[in-house]
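Data block below; observations after.
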Amino acid sequence: MGVITYLDHAATTPLRPEVAAAMAEVHAAALGNPTGSHPPAQRARRLLEEARDEVAALMGREPGEIVFTSGGTESANLAVFGTLAAALAGSPAGTWSGESAGVGDRPLVLCSAVEHPAVRASCRAAGERWGVGVVSLGVDGAGVVDLTALAEAMSEQARLVAVMLANNETGVVQPVAAVVDAVRRRSARPWVFTDAVQAAPFMDLSEATQGADLVSVSAHKVGGPVGAGVLAIGSQVPLSPLQHGGGQERERRSGTQDVAGAVGLATALRLAARERGASAGRVAALRDRLADGLLAQIAGAHRTVPTRVATLPGHLHLCLAGVEREELLVALGDQGVCVSGGSSCASGALQPSHVLAAMGVPDDLARGSVRFTLGWGTSGDDIDRALSIVPAVVASLRRHA
Amino acid sequence: MRVLVAMSGGVDSSVAAALLVEQGHQVVGATLKLWGGPSDSGCCSVADVDDARRVAQQLGIDHHVFNLSEEFERHVVTPYVDAHARGRTPNPCIECNRSIKFDRLLDRSDRLGFDRLATGHHARVTGGTPWALRRGADPAKDQSYVLSMLGQDALGRVLLPVGEMTKDAVRAHAVALGLRTAGKPDSQDVCFIGSAQGRSAFLSGRMEFHPGEVVDGRGQPAGSVDAMELVTVGQRRGMGHGSDGRRRYVIAVDLPARRITVGDAVAALTSVVVLPAGTVTWVAQPLVPGDRALAQMSAHGRAAPCGIERTDDGLLIRFDVPQRPVAPGQTVALYDARETDAVVGAGIAA
């Protein structure tokens, strides 16, 4: 590999040295299983619970509300399936399609049209399994959830409302507090789940997810290791576990806990919180310099999200006319510039973005979409390199079109 | 040279990639995602992408997956359905080669800075300005028919590394290299039609079928069919026997009139096929009226000697010896009358 200009933090972030060091300490500590009773087990338990306390404080939750998982996808699955299964447990027939009179009585899941595939797929699968209706909550052209549509879609049938805190593709920040408000005005019944995976590096989760019943976080999006995550579950929320076994995490997620992962996650969140004030400004400035430079040097380049809309400071999403994003990614990758074009399918190929489709971005513009995401490790040199490479690559691709 | 290899996950393209690496080229593999629906044909499913990726890893080359499913739907699948609705018998693999593999993918490889695009097809490109397209070394596996529509522009940018090898040699090479696809069976069917589903099930989900009456050469009723659109000129299956005990073949399909004409093997023979001008392509120099050639009407059919004549609107191929009829929509590949392994051009039967 030549020089790498890494601008794909939304896909994964480099492991922070402090996190690596903290985890190495745990690995070297010869701990026992946290559920055991002897000294090494006690030590493991202590480290786990310290991590839990720290994560809880940073998320504005009680420690008992923190469940450690294997990452954002497991957290999303647990949030959706866990809450619906628990609600189902009270229903005699096993599904709702039996005795309920008609469509009007069918329980509903309200899921924003721009949710991460883990959330969308979970809602869809739960819908198929239990006959639950899945209502897609539309967004406006800027990608922000339409609160009027949400209010209209709300009913006594709603059991779960899923609106992410910030979108992984565009970085658009959703008005979660307003979402919670709109939901509660109509009914006290549904649980509100917010995917905070992308937001975690840059937003105060305690503040931003207040009122949400379930919140997910993923370690490797915030400078921590792959394989560790959190689902914060309000103590009032009944949840059926997906993973059965020894009853760990207060019966919500069985399996020997990954102590090193939990410590890594807590360390990463702690660093993010400590640096947030300075980091958000620094990253936003670098992002804006990148944006200004690219828009100036590349004809037919459009910001996908209007500047008036609140986005995460590290996200820059552009649509480039006359360019195929698959080719752009390969050509940029050849020069060491690492960016992303959206979500991949099972075969590893890019698929059309449901987020851009929900925003009404025309197909021909969406074909040229590219996402740059900056993070804790991004420097001015990265931006300089990107500005010297990206316009030339785009010009070259267009020349041969 | 920088070479992009189209890797389907099959043994031919795996060995093609291996040969290029051995020859010292800078090789990158790419698998096309063309079809998102059910497929068990052994070409380009998720499992096949995985096979291709692992072979790439064994060879130490980068691997990409390109999603051309939208273009594939537009240029291959939709025309396939439309052709059936018009009573024609298309060849989607040829359409895929024409508009996807040797068009879009070829252009993409140019844009990404590759000198050549390579595939695992059993055929040969020889010479150089002008380029010649020749049959592969293994007559049983020759795929020059499905590449017969290519011209100088494409041929000059394409490499066909396994064309000089027999299929057995290709497999042996794969085994010697320990490639995981060495024992994988060849894909047989159209990649977007699963063998369990079959063509009629695939089409019935996308179009209406119409029943039709079957008549013999004298216009006498001879049966009926439920779906005219599934009947092909030259078809014997399902047509039964005439009163003389001879097997019947489809001679003509008249979709608007809802009538299929059948006849015995002799009556079904034809001496000519017309290739409309808009469908004719040439590898290099065009044939002209009066020229001789060999015409091949299917992927592994025997090429028949013929003469070239002109019609108002294209070429008329006149066979020396009457042949089984060519269904409208089928590709006719023309080979040189003297250098019989060299493709001269191709057209689509009217």
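By convention here, the chains of the structure tokens are called A, B, ... in the order presented, each chain's residues are numbered starting at 1, and ligands are numbered starting at 1 in the order presented.
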
Legend entry - chain B contacts on chain A, only C-alpha atoms, 7 Å, as a list in words: Glu326, Glu327, Ala331, Ala346, Ser347, Gly348, Ala349, Leu350, Leu397 and His400 of chain A

Legend entry - Contacts of segment 133-137 of chain A within 9 Å, only C-alpha atoms, excl. fewer than 2 positions in-chain, as a PyMOL selection string: chain A and resi 103+106-114+123-124+126-128+130-131+139+145-147+149-150+153+163

Residues from the last selection, C-alpha atoms, saved as a compact mmCIF listing (two decimals), in the first residue's frame:
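So the final result, stored in result_6.txt, reads:
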# COMPACT_ATOMS: atom_id res chain seq x y z
CA VAL A 103 -55.85 -4.70 9.12
CA ARG A 106 -52.56 -5.05 13.17
CA PRO A 107 -49.65 -3.93 15.33
CA LEU A 108 -47.27 -1.60 13.57
CA VAL A 109 -43.63 -0.75 13.49
CA LEU A 110 -42.84 2.75 12.29
CA CYS A 111 -39.39 2.84 10.73
CA SER A 112 -37.85 5.86 9.02
CA ALA A 113 -37.14 5.45 5.33
CA VAL A 114 -33.46 6.20 5.89
CA CYS A 123 -38.17 -4.50 10.97
CA ARG A 124 -38.97 -6.24 7.70
CA ALA A 126 -40.05 -9.11 12.25
CA GLY A 127 -42.97 -7.98 10.14
CA GLU A 128 -42.85 -11.16 8.09
CA TRP A 130 -45.28 -12.01 13.14
CA GLY A 131 -47.59 -10.34 10.66
CA VAL A 139 -38.18 12.12 4.83
CA VAL A 145 -37.92 12.79 9.00
CA ASP A 146 -41.27 14.33 8.20
CA LEU A 147 -42.79 14.94 11.62
CA ALA A 149 -46.17 12.20 8.44
CA LEU A 150 -44.99 10.62 11.67
CA ALA A 153 -48.85 7.42 11.02
CA VAL A 163 -35.61 6.84 13.93

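Closest approach to Val337 of chain A among A:Pro313, A:Pro306, A:Pro391, A:Pro117: A:Pro391, based on only C-alpha atoms.
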
Legend entry - Polymer residues at most 9 Å from Thr232 of chain B, only C-alpha atoms, same-chain spacing of 3 or more positions, as a list in words: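 The residues that qualify are Gly87, Arg88, Thr89, Met228, Glu229, Gln235, Arg236, Val250, Ile251, Ala252, Val253, Ala327 and Pro328 of chain B.
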
Inset, instruction - Report as a PyMOL selection string: the residues of segment 81-223 of chain B with a DSSP assignment of alpha helix (DSSP H), based on the backbone of this structure. - result: chain B and resi 81-85+92-96+105-111+152-155+167-177+198-204

Legend entry - Nearest residue to Ile61 of chain B from the set B:His121, B:His25, B:His84, B:Arg74 (distances using only C-alpha atoms): B:His25

Legend entry - Residue neighbourhood Gly143 of chain A, 8 Å, only C-alpha atoms, exclusion window fewer than 2 positions, as a list in words: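 Non-adjacent residues within range: Val114, Val139, Asp140, Gly141, Val145, Val172, Val305, Val355, Ala358 and Met359 of chain A.
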
Inset, instruction - For segment 33-46 of chain A, please output as number ranges by chain all residues within 12 Å (counting only C-alpha atoms; exclusion window: fewer than 5 positions along the same chain). - result: A: 25-28, 51-53, 246-250, 254-260, 262-263

Inset, instruction - Please report, as a PyMOL selection string, each residue of segment 155-338 of chain A to which DSSP assigns strand (DSSP E or B) when run on this structure's backbone. - result: chain A and resi 158-162+166+172-173+191-195+214-218+229-233+301-303+311+315-320+337-338

Would you save the residues of that selection, restricted to N, CA and C atoms, as a compact mmCIF listing (two decimals), in the first residue's frame?
# COMPACT_ATOMS: atom_id res chain seq x y z
N ALA A 158 -49.25 1.25 17.03
CA ALA A 158 -47.79 1.34 16.95
C ALA A 158 -47.14 0.72 18.18
N ARG A 159 -46.16 -0.14 17.95
CA ARG A 159 -45.45 -0.77 19.06
C ARG A 159 -44.02 -0.30 19.15
N LEU A 160 -43.46 0.08 18.02
CA LEU A 160 -42.05 0.49 17.99
C LEU A 160 -41.88 1.57 16.94
N VAL A 161 -41.14 2.59 17.29
CA VAL A 161 -40.80 3.64 16.33
C VAL A 161 -39.29 3.71 16.25
N ALA A 162 -38.75 3.56 15.05
CA ALA A 162 -37.28 3.56 14.89
C ALA A 162 -36.86 4.75 14.03
N ALA A 166 -28.40 9.93 13.68
CA ALA A 166 -27.73 10.54 12.54
C ALA A 166 -27.53 9.47 11.47
N VAL A 172 -26.98 13.28 8.12
CA VAL A 172 -28.08 14.15 8.56
C VAL A 172 -28.53 13.77 9.97
N VAL A 173 -28.65 14.76 10.82
CA VAL A 173 -29.06 14.55 12.22
C VAL A 173 -30.58 14.67 12.30
N TRP A 191 -42.41 1.91 21.92
CA TRP A 191 -41.04 2.20 22.33
C TRP A 191 -40.37 2.95 21.19
N VAL A 192 -39.52 3.89 21.56
CA VAL A 192 -38.77 4.63 20.55
C VAL A 192 -37.32 4.15 20.58
N PHE A 193 -36.87 3.67 19.43
CA PHE A 193 -35.50 3.17 19.31
C PHE A 193 -34.72 4.14 18.43
N THR A 194 -33.56 4.59 18.91
CA THR A 194 -32.74 5.43 18.07
C THR A 194 -31.33 4.85 17.94
N ASP A 195 -30.93 4.66 16.69
CA ASP A 195 -29.62 4.14 16.34
C ASP A 195 -28.65 5.31 16.43
N LEU A 214 -34.69 3.05 23.61
CA LEU A 214 -33.60 2.15 23.25
C LEU A 214 -32.59 2.92 22.40
N VAL A 215 -31.32 2.75 22.70
CA VAL A 215 -30.27 3.46 21.96
C VAL A 215 -29.13 2.50 21.66
N SER A 216 -28.68 2.48 20.40
CA SER A 216 -27.58 1.57 20.05
C SER A 216 -26.30 2.33 19.74
N VAL A 217 -25.18 1.69 20.08
CA VAL A 217 -23.85 2.25 19.83
C VAL A 217 -22.93 1.13 19.38
N SER A 218 -21.99 1.45 18.52
CA SER A 218 -21.03 0.45 18.02
C SER A 218 -19.62 0.95 18.27
N GLY A 229 -20.40 -3.61 21.18
CA GLY A 229 -21.43 -2.58 21.04
C GLY A 229 -22.29 -2.55 22.27
N VAL A 230 -23.27 -1.68 22.22
CA VAL A 230 -24.15 -1.47 23.36
C VAL A 230 -25.59 -1.32 22.87
N LEU A 231 -26.53 -1.86 23.63
CA LEU A 231 -27.92 -1.42 23.48
C LEU A 231 -28.36 -0.92 24.85
N ALA A 232 -28.68 0.35 24.91
CA ALA A 232 -29.24 0.91 26.14
C ALA A 232 -30.74 0.65 26.09
N ILE A 233 -31.26 0.00 27.12
CA ILE A 233 -32.68 -0.36 27.13
C ILE A 233 -33.28 0.23 28.38
N ALA A 301 -20.52 19.06 -9.51
CA ALA A 301 -20.52 18.41 -8.20
C ALA A 301 -21.56 19.10 -7.32
N HIS A 302 -22.42 18.30 -6.67
CA HIS A 302 -23.47 18.89 -5.82
C HIS A 302 -23.39 18.31 -4.43
N ARG A 303 -23.61 19.17 -3.44
CA ARG A 303 -23.79 18.68 -2.08
C ARG A 303 -25.14 17.99 -2.05
N THR A 311 -25.81 18.33 10.05
CA THR A 311 -25.20 17.03 9.79
C THR A 311 -24.06 16.81 10.78
N HIS A 315 -19.12 14.29 8.04
CA HIS A 315 -19.73 13.77 6.81
C HIS A 315 -19.74 14.79 5.68
N LEU A 316 -19.34 14.33 4.50
CA LEU A 316 -19.52 15.13 3.29
C LEU A 316 -20.04 14.19 2.20
N HIS A 317 -21.26 14.42 1.77
CA HIS A 317 -21.86 13.56 0.75
C HIS A 317 -22.08 14.38 -0.52
N LEU A 318 -21.49 13.93 -1.61
CA LEU A 318 -21.60 14.66 -2.88
C LEU A 318 -22.20 13.77 -3.96
N CYS A 319 -22.85 14.40 -4.92
CA CYS A 319 -23.26 13.71 -6.14
C CYS A 319 -22.50 14.35 -7.30
N LEU A 320 -21.76 13.52 -8.01
CA LEU A 320 -20.93 14.03 -9.11
C LEU A 320 -21.54 13.62 -10.42
N VAL A 337 -6.93 6.90 -1.85
CA VAL A 337 -7.99 7.71 -1.23
C VAL A 337 -9.17 6.79 -0.93
N CYS A 338 -9.49 6.68 0.34
CA CYS A 338 -10.48 5.70 0.79
C CYS A 338 -11.79 6.38 1.14

Legend entry - Point-to-point distance from atom CA of Arg124 of chain B to atom CA of Ser187 of chain B, Å rounded to tenths: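 Atom CA of Arg124 of chain B sits 20.5 Å away from atom CA of Ser187 of chain B.
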
Can you tell me which residues surround Arg338 of chain B at a distance of at most 12 Å, considering only C-alpha atoms, apart from same-chain residues fewer than 4 positions away, and format the answer as a tab-separated table (two decimals) with N, CA and C atoms, in the first residue's frame?
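Saved result, out37.tsv, follows:
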chain	number	residue	atom	x	y	z
B	291	ASP	N	-19.76	-13.78	-52.30
B	291	ASP	CA	-18.78	-14.44	-51.42
B	291	ASP	C	-19.35	-15.74	-50.88
B	292	ARG	N	-18.44	-16.60	-50.46
B	292	ARG	CA	-18.82	-17.87	-49.82
B	292	ARG	C	-18.47	-17.76	-48.34
B	293	ALA	N	-19.14	-18.58	-47.53
B	293	ALA	CA	-18.84	-18.58	-46.09
B	293	ALA	C	-19.36	-19.87	-45.48
B	294	LEU	N	-19.18	-20.00	-44.18
B	294	LEU	CA	-19.77	-21.11	-43.42
B	294	LEU	C	-20.65	-20.46	-42.36
B	305	PRO	N	-21.89	-24.76	-45.25
B	305	PRO	CA	-21.41	-23.93	-46.37
B	305	PRO	C	-22.56	-23.15	-46.98
B	334	LEU	N	-20.87	-16.16	-39.08
B	334	LEU	CA	-20.29	-16.50	-40.37
B	334	LEU	C	-18.79	-16.72	-40.24
B	342	ALA	N	-11.87	-18.97	-38.63
B	342	ALA	CA	-11.89	-17.52	-38.45
B	342	ALA	C	-13.31	-16.97	-38.61
B	343	VAL	N	-13.76	-16.22	-37.62
B	343	VAL	CA	-15.08	-15.57	-37.69
B	343	VAL	C	-14.98	-14.37	-38.62
B	344	VAL	N	-15.94	-14.26	-39.53
B	344	VAL	CA	-15.95	-13.11	-40.43
B	344	VAL	C	-16.95	-12.06	-39.94

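Using only C-alpha atoms for every distance, the candidate list A:Asp105, A:Asp363, A:Glu54, A:Asp213 yields A:Asp213 as the residue closest to Val80 of chain A.
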
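One finds atom CA of Ile348 of chain B at 18.6 Å from atom CA of Pro322 of chain B.
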
Inset, instruction - Please indicate the distance in Å from atom CA of Arg252 of chain A to atom CA of Leu239 of chain A, rounded to one decimal place. - result: 7.0 Å

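Considering only C-alpha atoms, the residue among B:Arg318, B:Arg2, B:Arg104, B:Arg302 positioned nearest to Ala154 of chain B is B:Arg104.
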
Legend entry - Contact residues around Asp216 of chain B with only C-alpha atoms at 7 Å, ignoring same-chain residues under 5 positions, as a list in words: Pro221, Ala222, Thr261, Val262 and Gly263 of chain B
